[in-house]
Amino acid sequence: MAKREKRKAYNPRHRRYPRDAELHWRYIVSITTGDFRAKITATTLLEKKQRGEIITVLTAYDYASARLEDEAGIDMVLVGDSLAQVMLGYENTLPVTMQEMLHHTRAVRRGVKRAFLVADMPFASFHISQRESLRNAARFIKEAGAEAVKIEGGEKRARLIARMVDAEIPVVGHIGLTPQSVHAMGGYKVQGKTLKAIEQLMHDALAVERAGACCIVLEGVPREVAAMITHELEIPTIGIGAGPECDGQVLVFHDLLGLTFAPPAKFVRRYADVGAVISNAVHAFKDDVKSGAYPSDAESYHLPKETLAALQEFGERKRAVRV
Ligand code: KIV
């Protein structure tokens, strides 16, 4: 059977439907949810890929940044486990806990109205047993208001992804340079540079798609490889250090702002130098407090006139009694 025809065939294990039935189903979802442009869902992300419309994604870890991103029209907000480094000061993503991820996801939930909200499953929260992994994933949806969870890993996570999707938990895949595998990979290295590695990445991408993931992050892979995977998959690919052919792009919020302390990776584009803005403001505050320039009279509260007069009269009477 030709490859395209093979794709059309309904395979209950892969949850594939003939293309027409799939489109019909998506159309019904769109009209029953009202204005489908208003809320971004897994379905609208897929529709964007089909229309060739680029998908914008940023990480967020708190209410204020989430709200600013949402109001700017970012399609997907990811509470990444990069919060370990950029918010909590850990050396890598490995130590961040379920509690910390849930806490930050709740804050982001309060700031996001329109974007698709995804929470990263931290290291060891989906490695021990399928039961525990499902329980942890469900906590992000039930307790923190996430709309999907992100899981690092390809082929070897496919069964778990399928179980989660079966339990109505949308999943975002993540392959290539997976930071939770930093020790296994021997550092943060671009992946997929040999023919063998490219073949494995393709297997990983297809396995994640077949397992039912709604989209997939491609991190730290050569542009050419990301382009091949993007072409091959029906679900959207979201690139970070994976070149411009991906269906969407994601950056870590603090990288985009210039609010990090190490030299940025090659793929990072800094849109602001917020680190310098904050540092200048903190220094200026310190100098003003030391010199007495802050707070001024205009920045102070004052007593009402009558209370001030009464207080002065009271002081005068007290002095008179003492004399
Ligand atoms: O944790 C994170 O910020 C991520 C993105 C880099 C995709 O996983």
# chains A, B, ... in the order shown; residues from 1 in each chain; ligands from 1

$ residues_near_ligand --ligand "ligand 1" --cutoff "6 Å" --atoms "only C-alpha atoms and all ligand atoms" --output "ChimeraX atom specification"
/A:59,80-82,252

$ residues_around --residues "Gly176 (chain A)" --least-positions-apart "2" --cutoff "7 Å" --atoms "only C-alpha atoms" --output "PyMOL selection string"
chain A and resi 178+191+201+218-221

$ write_last_selection --atoms "all heavy atoms" --output "mmCIF file, in the first residue's frame"
data_model
loop_
_atom_site.group_PDB
_atom_site.id
_atom_site.type_symbol
_atom_site.label_atom_id
_atom_site.label_comp_id
_atom_site.auth_asym_id
_atom_site.auth_seq_id
_atom_site.Cartn_x
_atom_site.Cartn_y
_atom_site.Cartn_z
ATOM 1 N N THR A 178 16.849 16.363 25.165
ATOM 2 C CA THR A 178 15.888 16.347 26.278
ATOM 3 C C THR A 178 16.677 16.616 27.567
ATOM 4 O O THR A 178 17.438 15.745 28.023
ATOM 5 C CB THR A 178 15.153 14.993 26.335
ATOM 6 O OG1 THR A 178 16.114 13.933 26.168
ATOM 7 C CG2 THR A 178 14.115 14.885 25.239
ATOM 8 N N GLN A 191 21.308 16.847 19.041
ATOM 9 C CA GLN A 191 21.035 15.436 18.741
ATOM 10 C C GLN A 191 20.731 15.255 17.245
ATOM 11 O O GLN A 191 20.375 16.216 16.564
ATOM 12 C CB GLN A 191 19.841 14.949 19.568
ATOM 13 C CG GLN A 191 20.040 15.115 21.075
ATOM 14 C CD GLN A 191 21.117 14.198 21.631
ATOM 15 O OE1 GLN A 191 21.042 12.995 21.522
ATOM 16 N NE2 GLN A 191 22.145 14.796 22.246
ATOM 17 N N LEU A 201 15.603 9.417 15.685
ATOM 18 C CA LEU A 201 14.737 10.576 15.950
ATOM 19 C C LEU A 201 13.420 10.461 15.190
ATOM 20 O O LEU A 201 12.354 10.794 15.713
ATOM 21 C CB LEU A 201 15.443 11.865 15.530
ATOM 22 C CG LEU A 201 16.247 12.602 16.606
ATOM 23 C CD1 LEU A 201 16.844 13.869 16.037
ATOM 24 C CD2 LEU A 201 15.370 12.937 17.812
ATOM 25 N N LEU A 218 10.609 19.756 19.368
ATOM 26 C CA LEU A 218 11.892 19.281 18.831
ATOM 27 C C LEU A 218 12.958 20.223 19.352
ATOM 28 O O LEU A 218 12.975 21.404 18.995
ATOM 29 C CB LEU A 218 11.895 19.315 17.296
ATOM 30 C CG LEU A 218 10.786 18.572 16.549
ATOM 31 C CD1 LEU A 218 10.975 18.736 15.034
ATOM 32 C CD2 LEU A 218 10.777 17.098 16.923
ATOM 33 N N GLU A 219 13.815 19.717 20.221
ATOM 34 C CA GLU A 219 14.826 20.599 20.820
ATOM 35 C C GLU A 219 16.233 20.181 20.387
ATOM 36 O O GLU A 219 16.578 18.993 20.409
ATOM 37 C CB GLU A 219 14.721 20.550 22.352
ATOM 38 C CG GLU A 219 15.784 21.417 23.020
ATOM 39 C CD GLU A 219 15.562 21.677 24.500
ATOM 40 O OE1 GLU A 219 14.527 21.241 25.046
ATOM 41 O OE2 GLU A 219 16.428 22.340 25.103
ATOM 42 N N GLY A 220 17.035 21.162 20.007
ATOM 43 C CA GLY A 220 18.448 20.939 19.718
ATOM 44 C C GLY A 220 18.693 19.879 18.666
ATOM 45 O O GLY A 220 19.434 18.935 18.900
ATOM 46 N N VAL A 221 18.053 20.057 17.506
ATOM 47 C CA VAL A 221 18.309 19.127 16.395
ATOM 48 C C VAL A 221 18.626 19.947 15.141
ATOM 49 O O VAL A 221 18.150 21.076 14.994
ATOM 50 C CB VAL A 221 17.112 18.164 16.118
ATOM 51 C CG1 VAL A 221 16.851 17.265 17.290
ATOM 52 C CG2 VAL A 221 15.856 18.904 15.744
#

$ atom_distance --atom1 "CA of Val77 (chain A)" --atom2 "CA of Gln130 (chain A)"
26.1 Å

$ atom_distance --atom1 "CA of Glu232 (chain A)" --atom2 "CA of Glu245 (chain A)"
12.1 Å

$ residues_around --residues "region 160-175 of chain A" --least-positions-apart "6" --cutoff "6 Å" --atoms "only C-alpha atoms" --output "list in words"
Ala148, Val149, Lys150, Ile151, Glu152, Gly153, Gly154, Ala211, Gly212, Ala213, Cys214, Cys215, Ile216, Val217 and Leu218 of chain A

$ write_last_selection --atoms "N, CA, C and O atoms" --output "PDB file, in the first residue's frame"
ATOM      1  N   ALA A 148      -2.803  20.207  29.128  1.00  0.00           N
ATOM      2  CA  ALA A 148      -1.996  19.090  28.607  1.00  0.00           C
ATOM      3  C   ALA A 148      -0.737  18.991  29.455  1.00  0.00           C
ATOM      4  O   ALA A 148      -0.376  19.942  30.155  1.00  0.00           O
ATOM      5  N   VAL A 149      -0.105  17.834  29.390  1.00  0.00           N
ATOM      6  CA  VAL A 149       1.200  17.694  30.056  1.00  0.00           C
ATOM      7  C   VAL A 149       2.252  17.419  28.986  1.00  0.00           C
ATOM      8  O   VAL A 149       1.928  16.871  27.926  1.00  0.00           O
ATOM      9  N   LYS A 150       3.480  17.824  29.273  1.00  0.00           N
ATOM     10  CA  LYS A 150       4.579  17.542  28.334  1.00  0.00           C
ATOM     11  C   LYS A 150       5.486  16.491  28.951  1.00  0.00           C
ATOM     12  O   LYS A 150       5.788  16.539  30.141  1.00  0.00           O
ATOM     13  N   ILE A 151       5.881  15.542  28.091  1.00  0.00           N
ATOM     14  CA  ILE A 151       6.721  14.428  28.537  1.00  0.00           C
ATOM     15  C   ILE A 151       7.948  14.323  27.641  1.00  0.00           C
ATOM     16  O   ILE A 151       7.823  14.277  26.420  1.00  0.00           O
ATOM     17  N   GLU A 152       9.115  14.288  28.257  1.00  0.00           N
ATOM     18  CA  GLU A 152      10.346  14.116  27.475  1.00  0.00           C
ATOM     19  C   GLU A 152      10.536  12.643  27.119  1.00  0.00           C
ATOM     20  O   GLU A 152      10.301  11.761  27.952  1.00  0.00           O
ATOM     21  N   GLY A 153      10.999  12.411  25.887  1.00  0.00           N
ATOM     22  CA  GLY A 153      11.311  11.034  25.469  1.00  0.00           C
ATOM     23  C   GLY A 153      10.484  10.612  24.275  1.00  0.00           C
ATOM     24  O   GLY A 153       9.361  11.081  24.091  1.00  0.00           O
ATOM     25  N   GLY A 154      11.051   9.706  23.480  1.00  0.00           N
ATOM     26  CA  GLY A 154      10.385   9.268  22.254  1.00  0.00           C
ATOM     27  C   GLY A 154       9.757   7.901  22.361  1.00  0.00           C
ATOM     28  O   GLY A 154       8.859   7.685  23.178  1.00  0.00           O
ATOM     29  N   ALA A 211       1.190   7.410  19.326  1.00  0.00           N
ATOM     30  CA  ALA A 211       0.688   7.206  20.690  1.00  0.00           C
ATOM     31  C   ALA A 211      -0.433   8.192  21.008  1.00  0.00           C
ATOM     32  O   ALA A 211      -1.137   8.028  22.005  1.00  0.00           O
ATOM     33  N   GLY A 212      -0.569   9.235  20.181  1.00  0.00           N
ATOM     34  CA  GLY A 212      -1.702  10.152  20.355  1.00  0.00           C
ATOM     35  C   GLY A 212      -1.327  11.525  20.859  1.00  0.00           C
ATOM     36  O   GLY A 212      -2.220  12.316  21.212  1.00  0.00           O
ATOM     37  N   ALA A 213      -0.035  11.862  20.902  1.00  0.00           N
ATOM     38  CA  ALA A 213       0.365  13.207  21.346  1.00  0.00           C
ATOM     39  C   ALA A 213      -0.261  14.255  20.431  1.00  0.00           C
ATOM     40  O   ALA A 213      -0.444  14.008  19.237  1.00  0.00           O
ATOM     41  N   CYS A 214      -0.580  15.429  21.007  1.00  0.00           N
ATOM     42  CA  CYS A 214      -1.246  16.460  20.196  1.00  0.00           C
ATOM     43  C   CYS A 214      -0.237  17.349  19.486  1.00  0.00           C
ATOM     44  O   CYS A 214      -0.573  18.010  18.507  1.00  0.00           O
ATOM     45  N   CYS A 215       0.977  17.430  19.974  1.00  0.00           N
ATOM     46  CA  CYS A 215       2.063  18.091  19.261  1.00  0.00           C
ATOM     47  C   CYS A 215       3.381  17.646  19.892  1.00  0.00           C
ATOM     48  O   CYS A 215       3.373  16.883  20.876  1.00  0.00           O
ATOM     49  N   ILE A 216       4.481  18.091  19.325  1.00  0.00           N
ATOM     50  CA  ILE A 216       5.770  17.578  19.796  1.00  0.00           C
ATOM     51  C   ILE A 216       6.828  18.679  19.738  1.00  0.00           C
ATOM     52  O   ILE A 216       6.919  19.407  18.747  1.00  0.00           O
ATOM     53  N   VAL A 217       7.575  18.801  20.824  1.00  0.00           N
ATOM     54  CA  VAL A 217       8.690  19.758  20.864  1.00  0.00           C
ATOM     55  C   VAL A 217       9.925  19.068  20.291  1.00  0.00           C
ATOM     56  O   VAL A 217      10.246  17.938  20.664  1.00  0.00           O
ATOM     57  N   LEU A 218      10.609  19.756  19.368  1.00  0.00           N
ATOM     58  CA  LEU A 218      11.892  19.281  18.831  1.00  0.00           C
ATOM     59  C   LEU A 218      12.958  20.223  19.352  1.00  0.00           C
ATOM     60  O   LEU A 218      12.975  21.404  18.995  1.00  0.00           O
TER      61      LEU A 218
END

$ select_by_dssp --residues "region 109-304 of chain A" --states "helix (DSSP H, G or I)" --output "JSON list (two decimals) with N, CA and C atoms, in the first residue's frame"
[["chain", "number", "residue", "atom", "x", "y", "z"],
["A", 109, "ARG", "N", -2.00, 29.46, 35.47],
["A", 109, "ARG", "CA", -3.42, 29.23, 35.12],
["A", 109, "ARG", "C", -4.25, 30.51, 35.35],
["A", 110, "ARG", "N", -3.95, 31.21, 36.46],
["A", 110, "ARG", "CA", -4.73, 32.41, 36.79],
["A", 110, "ARG", "C", -4.46, 33.54, 35.79],
["A", 111, "GLY", "N", -3.34, 33.46, 35.05],
["A", 111, "GLY", "CA", -3.03, 34.52, 34.09],
["A", 111, "GLY", "C", -3.40, 34.19, 32.66],
["A", 130, "GLN", "N", 3.64, 3.18, 35.71],
["A", 130, "GLN", "CA", 2.61, 3.79, 34.87],
["A", 130, "GLN", "C", 1.50, 4.41, 35.74],
["A", 131, "ARG", "N", 1.19, 3.70, 36.83],
["A", 131, "ARG", "CA", 0.14, 4.15, 37.75],
["A", 131, "ARG", "C", 0.48, 5.52, 38.35],
["A", 132, "GLU", "N", 1.72, 5.61, 38.84],
["A", 132, "GLU", "CA", 2.17, 6.86, 39.47],
["A", 132, "GLU", "C", 2.26, 7.98, 38.42],
["A", 133, "SER", "N", 2.71, 7.64, 37.23],
["A", 133, "SER", "CA", 2.83, 8.63, 36.15],
["A", 133, "SER", "C", 1.47, 9.20, 35.80],
["A", 134, "LEU", "N", 0.47, 8.31, 35.71],
["A", 134, "LEU", "CA", -0.89, 8.76, 35.37],
["A", 134, "LEU", "C", -1.45, 9.65, 36.48],
["A", 135, "ARG", "N", -1.19, 9.23, 37.73],
["A", 135, "ARG", "CA", -1.70, 10.03, 38.85],
["A", 135, "ARG", "C", -1.06, 11.42, 38.83],
["A", 136, "ASN", "N", 0.23, 11.47, 38.58],
["A", 136, "ASN", "CA", 0.92, 12.77, 38.53],
["A", 136, "ASN", "C", 0.41, 13.63, 37.39],
["A", 137, "ALA", "N", 0.23, 13.02, 36.22],
["A", 137, "ALA", "CA", -0.27, 13.78, 35.06],
["A", 137, "ALA", "C", -1.67, 14.33, 35.36],
["A", 138, "ALA", "N", -2.50, 13.50, 35.98],
["A", 138, "ALA", "CA", -3.87, 13.93, 36.29],
["A", 138, "ALA", "C", -3.87, 15.10, 37.27],
["A", 139, "ARG", "N", -2.89, 15.14, 38.16],
["A", 139, "ARG", "CA", -2.83, 16.25, 39.13],
["A", 139, "ARG", "C", -2.64, 17.59, 38.42],
["A", 140, "PHE", "N", -1.86, 17.60, 37.33],
["A", 140, "PHE", "CA", -1.66, 18.86, 36.60],
["A", 140, "PHE", "C", -2.97, 19.36, 36.01],
["A", 141, "ILE", "N", -3.80, 18.41, 35.56],
["A", 141, "ILE", "CA", -5.07, 18.79, 34.94],
["A", 141, "ILE", "C", -6.08, 19.16, 36.04],
["A", 142, "LYS", "N", -6.20, 18.30, 37.03],
["A", 142, "LYS", "CA", -7.25, 18.43, 38.04],
["A", 142, "LYS", "C", -6.95, 19.52, 39.08],
["A", 155, "GLU", "N", 10.29, 6.97, 21.54],
["A", 155, "GLU", "CA", 9.73, 5.62, 21.45],
["A", 155, "GLU", "C", 9.46, 4.98, 22.81],
["A", 156, "LYS", "N", 10.43, 5.13, 23.73],
["A", 156, "LYS", "CA", 10.27, 4.43, 25.00],
["A", 156, "LYS", "C", 9.19, 5.03, 25.90],
["A", 157, "ARG", "N", 8.67, 6.19, 25.54],
["A", 157, "ARG", "CA", 7.56, 6.77, 26.31],
["A", 157, "ARG", "C", 6.21, 6.57, 25.59],
["A", 158, "ALA", "N", 6.23, 5.92, 24.44],
["A", 158, "ALA", "CA", 5.02, 5.84, 23.62],
["A", 158, "ALA", "C", 3.86, 5.16, 24.35],
["A", 159, "ARG", "N", 4.15, 4.06, 25.04],
["A", 159, "ARG", "CA", 3.07, 3.35, 25.75],
["A", 159, "ARG", "C", 2.45, 4.22, 26.82],
["A", 160, "LEU", "N", 3.31, 4.94, 27.52],
["A", 160, "LEU", "CA", 2.81, 5.81, 28.59],
["A", 160, "LEU", "C", 1.95, 6.94, 28.00],
["A", 161, "ILE", "N", 2.43, 7.52, 26.91],
["A", 161, "ILE", "CA", 1.66, 8.60, 26.26],
["A", 161, "ILE", "C", 0.29, 8.06, 25.85],
["A", 162, "ALA", "N", 0.26, 6.86, 25.27],
["A", 162, "ALA", "CA", -1.02, 6.27, 24.83],
["A", 162, "ALA", "C", -1.96, 6.08, 26.03],
["A", 163, "ARG", "N", -1.45, 5.66, 27.17],
["A", 163, "ARG", "CA", -2.27, 5.46, 28.38],
["A", 163, "ARG", "C", -2.83, 6.79, 28.85],
["A", 164, "MET", "N", -2.01, 7.81, 28.79],
["A", 164, "MET", "CA", -2.46, 9.13, 29.24],
["A", 164, "MET", "C", -3.57, 9.66, 28.32],
["A", 165, "VAL", "N", -3.34, 9.53, 27.02],
["A", 165, "VAL", "CA", -4.34, 10.00, 26.06],
["A", 165, "VAL", "C", -5.65, 9.23, 26.28],
["A", 166, "ASP", "N", -5.51, 7.94, 26.58],
["A", 166, "ASP", "CA", -6.66, 7.09, 26.87],
["A", 166, "ASP", "C", -7.41, 7.58, 28.12],
["A", 179, "PRO", "N", 16.52, 17.82, 28.14],
["A", 179, "PRO", "CA", 17.38, 18.22, 29.26],
["A", 179, "PRO", "C", 17.32, 17.28, 30.47],
["A", 180, "GLN", "N", 16.22, 16.54, 30.64],
["A", 180, "GLN", "CA", 16.16, 15.61, 31.78],
["A", 180, "GLN", "C", 17.13, 14.43, 31.58],
["A", 181, "SER", "N", 17.63, 14.25, 30.35],
["A", 181, "SER", "CA", 18.58, 13.16, 30.08],
["A", 181, "SER", "C", 20.01, 13.68, 30.06],
["A", 182, "VAL", "N", 20.25, 14.82, 30.71],
["A", 182, "VAL", "CA", 21.56, 15.47, 30.62],
["A", 182, "VAL", "C", 22.70, 14.51, 30.97],
["A", 183, "HIS", "N", 22.52, 13.69, 32.00],
["A", 183, "HIS", "CA", 23.60, 12.77, 32.38],
["A", 183, "HIS", "C", 23.73, 11.63, 31.36],
["A", 184, "ALA", "N", 22.59, 11.12, 30.92],
["A", 184, "ALA", "CA", 22.61, 10.03, 29.94],
["A", 184, "ALA", "C", 23.22, 10.49, 28.62],
["A", 185, "MET", "N", 22.97, 11.76, 28.26],
["A", 185, "MET", "CA", 23.48, 12.28, 26.97],
["A", 185, "MET", "C", 24.93, 12.75, 27.09],
["A", 195, "LEU", "N", 23.44, 9.51, 10.58],
["A", 195, "LEU", "CA", 22.31, 8.86, 9.90],
["A", 195, "LEU", "C", 21.53, 7.98, 10.89],
["A", 196, "LYS", "N", 22.29, 7.27, 11.75],
["A", 196, "LYS", "CA", 21.66, 6.38, 12.72],
["A", 196, "LYS", "C", 20.80, 7.20, 13.71],
["A", 197, "ALA", "N", 21.38, 8.32, 14.14],
["A", 197, "ALA", "CA", 20.66, 9.17, 15.11],
["A", 197, "ALA", "C", 19.43, 9.80, 14.46],
["A", 198, "ILE", "N", 19.54, 10.14, 13.18],
["A", 198, "ILE", "CA", 18.39, 10.73, 12.47],
["A", 198, "ILE", "C", 17.27, 9.70, 12.38],
["A", 199, "GLU", "N", 17.66, 8.45, 12.08],
["A", 199, "GLU", "CA", 16.67, 7.37, 11.97],
["A", 199, "GLU", "C", 15.95, 7.18, 13.31],
["A", 200, "GLN", "N", 16.72, 7.22, 14.40],
["A", 200, "GLN", "CA", 16.12, 7.05, 15.72],
["A", 200, "GLN", "C", 15.16, 8.20, 16.03],
["A", 201, "LEU", "N", 15.60, 9.42, 15.68],
["A", 201, "LEU", "CA", 14.74, 10.58, 15.95],
["A", 201, "LEU", "C", 13.42, 10.46, 15.19],
["A", 202, "MET", "N", 13.51, 9.98, 13.95],
["A", 202, "MET", "CA", 12.30, 9.80, 13.14],
["A", 202, "MET", "C", 11.39, 8.75, 13.79],
["A", 203, "HIS", "N", 11.98, 7.65, 14.25],
["A", 203, "HIS", "CA", 11.20, 6.62, 14.96],
["A", 203, "HIS", "C", 10.53, 7.22, 16.19],
["A", 204, "ASP", "N", 11.31, 8.02, 16.93],
["A", 204, "ASP", "CA", 10.78, 8.65, 18.15],
["A", 204, "ASP", "C", 9.58, 9.54, 17.82],
["A", 205, "ALA", "N", 9.76, 10.38, 16.80],
["A", 205, "ALA", "CA", 8.70, 11.32, 16.42],
["A", 205, "ALA", "C", 7.43, 10.57, 16.02],
["A", 206, "LEU", "N", 7.59, 9.54, 15.19],
["A", 206, "LEU", "CA", 6.42, 8.78, 14.72],
["A", 206, "LEU", "C", 5.76, 8.02, 15.87],
["A", 207, "ALA", "N", 6.58, 7.49, 16.78],
["A", 207, "ALA", "CA", 6.02, 6.74, 17.90],
["A", 207, "ALA", "C", 5.19, 7.66, 18.80],
["A", 208, "VAL", "N", 5.70, 8.88, 19.02],
["A", 208, "VAL", "CA", 4.99, 9.85, 19.86],
["A", 208, "VAL", "C", 3.67, 10.26, 19.18],
["A", 209, "GLU", "N", 3.74, 10.46, 17.86],
["A", 209, "GLU", "CA", 2.51, 10.83, 17.14],
["A", 209, "GLU", "C", 1.48, 9.69, 17.19],
["A", 210, "ARG", "N", 1.96, 8.47, 16.93],
["A", 210, "ARG", "CA", 1.04, 7.32, 16.91],
["A", 210, "ARG", "C", 0.45, 7.07, 18.28],
["A", 211, "ALA", "N", 1.19, 7.41, 19.33],
["A", 211, "ALA", "CA", 0.69, 7.21, 20.69],
["A", 211, "ALA", "C", -0.43, 8.19, 21.01],
["A", 223, "ARG", "N", 18.57, 21.72, 11.70],
["A", 223, "ARG", "CA", 17.44, 22.29, 10.95],
["A", 223, "ARG", "C", 16.89, 21.30, 9.92],
["A", 224, "GLU", "N", 17.81, 20.63, 9.21],
["A", 224, "GLU", "CA", 17.39, 19.72, 8.13],
["A", 224, "GLU", "C", 16.57, 18.54, 8.69],
["A", 225, "VAL", "N", 16.98, 18.06, 9.86],
["A", 225, "VAL", "CA", 16.29, 16.92, 10.47],
["A", 225, "VAL", "C", 14.91, 17.37, 10.98],
["A", 226, "ALA", "N", 14.87, 18.55, 11.61],
["A", 226, "ALA", "CA", 13.59, 19.07, 12.10],
["A", 226, "ALA", "C", 12.62, 19.27, 10.93],
["A", 227, "ALA", "N", 13.15, 19.73, 9.80],
["A", 227, "ALA", "CA", 12.30, 19.95, 8.62],
["A", 227, "ALA", "C", 11.71, 18.62, 8.13],
["A", 228, "MET", "N", 12.55, 17.56, 8.14],
["A", 228, "MET", "CA", 12.07, 16.24, 7.69],
["A", 228, "MET", "C", 10.97, 15.73, 8.61],
["A", 229, "ILE", "N", 11.20, 15.85, 9.91],
["A", 229, "ILE", "CA", 10.20, 15.37, 10.88],
["A", 229, "ILE", "C", 8.90, 16.17, 10.74],
["A", 230, "THR", "N", 9.04, 17.48, 10.61],
["A", 230, "THR", "CA", 7.86, 18.35, 10.47],
["A", 230, "THR", "C", 7.04, 17.95, 9.25],
["A", 231, "HIS", "N", 7.72, 17.62, 8.18],
["A", 231, "HIS", "CA", 7.05, 17.23, 6.94],
["A", 231, "HIS", "C", 6.33, 15.88, 7.11],
["A", 232, "GLU", "N", 6.99, 15.01, 7.87],
["A", 232, "GLU", "CA", 6.47, 13.64, 8.01],
["A", 232, "GLU", "C", 5.27, 13.55, 8.96],
["A", 253, "PHE", "N", 11.10, 32.13, 28.47],
["A", 253, "PHE", "CA", 10.76, 33.54, 28.71],
["A", 253, "PHE", "C", 11.99, 34.34, 29.15],
["A", 254, "HIS", "N", 12.77, 33.79, 30.08],
["A", 254, "HIS", "CA", 13.90, 34.53, 30.62],
["A", 254, "HIS", "C", 15.02, 34.70, 29.58],
["A", 255, "ASP", "N", 15.14, 33.76, 28.65],
["A", 255, "ASP", "CA", 16.13, 33.89, 27.56],
["A", 255, "ASP", "C", 15.73, 35.04, 26.64],
["A", 256, "LEU", "N", 14.45, 35.07, 26.29],
["A", 256, "LEU", "CA", 13.93, 36.12, 25.40],
["A", 256, "LEU", "C", 14.12, 37.51, 26.01],
["A", 257, "LEU", "N", 14.01, 37.58, 27.34],
["A", 257, "LEU", "CA", 14.10, 38.86, 28.03],
["A", 257, "LEU", "C", 15.52, 39.27, 28.38],
["A", 274, "VAL", "N", 16.27, 42.86, 30.04],
["A", 274, "VAL", "CA", 15.53, 43.11, 31.27],
["A", 274, "VAL", "C", 16.43, 42.95, 32.50],
["A", 275, "GLY", "N", 17.45, 42.10, 32.39],
["A", 275, "GLY", "CA", 18.40, 41.93, 33.49],
["A", 275, "GLY", "C", 19.04, 43.27, 33.82],
["A", 276, "ALA", "N", 19.48, 44.01, 32.78],
["A", 276, "ALA", "CA", 20.11, 45.31, 32.98],
["A", 276, "ALA", "C", 19.10, 46.32, 33.52],
["A", 277, "VAL", "N", 17.87, 46.27, 33.02],
["A", 277, "VAL", "CA", 16.82, 47.20, 33.49],
["A", 277, "VAL", "C", 16.58, 46.99, 34.98],
["A", 278, "ILE", "N", 16.48, 45.73, 35.39],
["A", 278, "ILE", "CA", 16.22, 45.43, 36.81],
["A", 278, "ILE", "C", 17.42, 45.83, 37.66],
["A", 279, "SER", "N", 18.61, 45.50, 37.19],
["A", 279, "SER", "CA", 19.82, 45.82, 37.95],
["A", 279, "SER", "C", 19.94, 47.34, 38.14],
["A", 280, "ASN", "N", 19.70, 48.12, 37.08],
["A", 280, "ASN", "CA", 19.78, 49.59, 37.20],
["A", 280, "ASN", "C", 18.76, 50.11, 38.20],
["A", 281, "ALA", "N", 17.55, 49.56, 38.16],
["A", 281, "ALA", "CA", 16.49, 50.02, 39.07],
["A", 281, "ALA", "C", 16.87, 49.70, 40.52],
["A", 282, "VAL", "N", 17.41, 48.52, 40.76],
["A", 282, "VAL", "CA", 17.78, 48.11, 42.12],
["A", 282, "VAL", "C", 18.91, 49.01, 42.65],
["A", 283, "HIS", "N", 19.91, 49.31, 41.79],
["A", 283, "HIS", "CA", 21.00, 50.19, 42.21],
["A", 283, "HIS", "C", 20.48, 51.60, 42.51],
["A", 284, "ALA", "N", 19.58, 52.09, 41.66],
["A", 284, "ALA", "CA", 19.05, 53.44, 41.85],
["A", 284, "ALA", "C", 18.27, 53.53, 43.16],
["A", 285, "PHE", "N", 17.50, 52.49, 43.47],
["A", 285, "PHE", "CA", 16.74, 52.45, 44.74],
["A", 285, "PHE", "C", 17.72, 52.50, 45.92],
["A", 286, "LYS", "N", 18.74, 51.67, 45.85],
["A", 286, "LYS", "CA", 19.72, 51.61, 46.94],
["A", 286, "LYS", "C", 20.36, 52.99, 47.15],
["A", 287, "ASP", "N", 20.76, 53.64, 46.06],
["A", 287, "ASP", "CA", 21.42, 54.94, 46.16],
["A", 287, "ASP", "C", 20.47, 55.98, 46.75],
["A", 288, "ASP", "N", 19.20, 55.98, 46.29],
["A", 288, "ASP", "CA", 18.23, 56.97, 46.77],
["A", 288, "ASP", "C", 17.94, 56.80, 48.26],
["A", 289, "VAL", "N", 17.82, 55.54, 48.71],
["A", 289, "VAL", "CA", 17.54, 55.30, 50.13],
["A", 289, "VAL", "C", 18.73, 55.77, 50.96],
["A", 290, "LYS", "N", 19.93, 55.46, 50.51],
["A", 290, "LYS", "CA", 21.13, 55.84, 51.26],
["A", 290, "LYS", "C", 21.30, 57.36, 51.33],
["A", 291, "SER", "N", 20.94, 58.05, 50.23],
["A", 291, "SER", "CA", 21.14, 59.51, 50.22],
["A", 291, "SER", "C", 19.94, 60.24, 50.83],
["A", 297, "ASP", "N", 8.57, 63.73, 50.37],
["A", 297, "ASP", "CA", 7.32, 64.09, 51.06],
["A", 297, "ASP", "C", 6.11, 63.65, 50.22],
["A", 298, "ALA", "N", 6.25, 63.81, 48.89],
["A", 298, "ALA", "CA", 5.12, 63.44, 48.01],
["A", 298, "ALA", "C", 4.87, 61.93, 48.03],
["A", 299, "GLU", "N", 5.84, 61.16, 48.44],
["A", 299, "GLU", "CA", 5.68, 59.70, 48.49],
["A", 299, "GLU", "C", 5.33, 59.24, 49.91]]

$ atom_distance --atom1 "CA of Leu177 (chain A)" --atom2 "CA of Ile235 (chain A)"
19.3 Å

$ residues_around --residues "Leu45 (chain A)" --least-positions-apart "6" --cutoff "12 Å" --atoms "only C-alpha atoms" --output "NGL selection string"
:A and (26 or 36-37 or 39 or 51-57 or 74-76 or 115-116 or 172 or 214-216 or 234-238 or 247-248)

$ select_by_dssp --residues "region 192-250 of chain A" --states "strand (DSSP E or B)" --output "number ranges by chain"
A: 215-219, 237-240, 248-250

$ write_last_selection --atoms "C-alpha atoms" --output "short mmCIF file (atom, residue, chain, number, x, y, z; two decimals), in the first residue's frame"
data_model
loop_
_atom_site.label_atom_id
_atom_site.label_comp_id
_atom_site.auth_asym_id
_atom_site.auth_seq_id
_atom_site.Cartn_x
_atom_site.Cartn_y
_atom_site.Cartn_z
CA CYS A 215 2.06 18.09 19.26
CA ILE A 216 5.77 17.58 19.80
CA VAL A 217 8.69 19.76 20.86
CA LEU A 218 11.89 19.28 18.83
CA GLU A 219 14.83 20.60 20.82
CA THR A 237 6.22 20.35 15.69
CA ILE A 238 7.37 23.12 18.03
CA GLY A 239 11.06 23.90 17.62
CA ILE A 240 13.64 25.23 20.03
CA GLY A 248 5.93 26.59 15.75
CA GLN A 249 8.70 28.10 17.84
CA VAL A 250 9.22 28.16 21.60
#
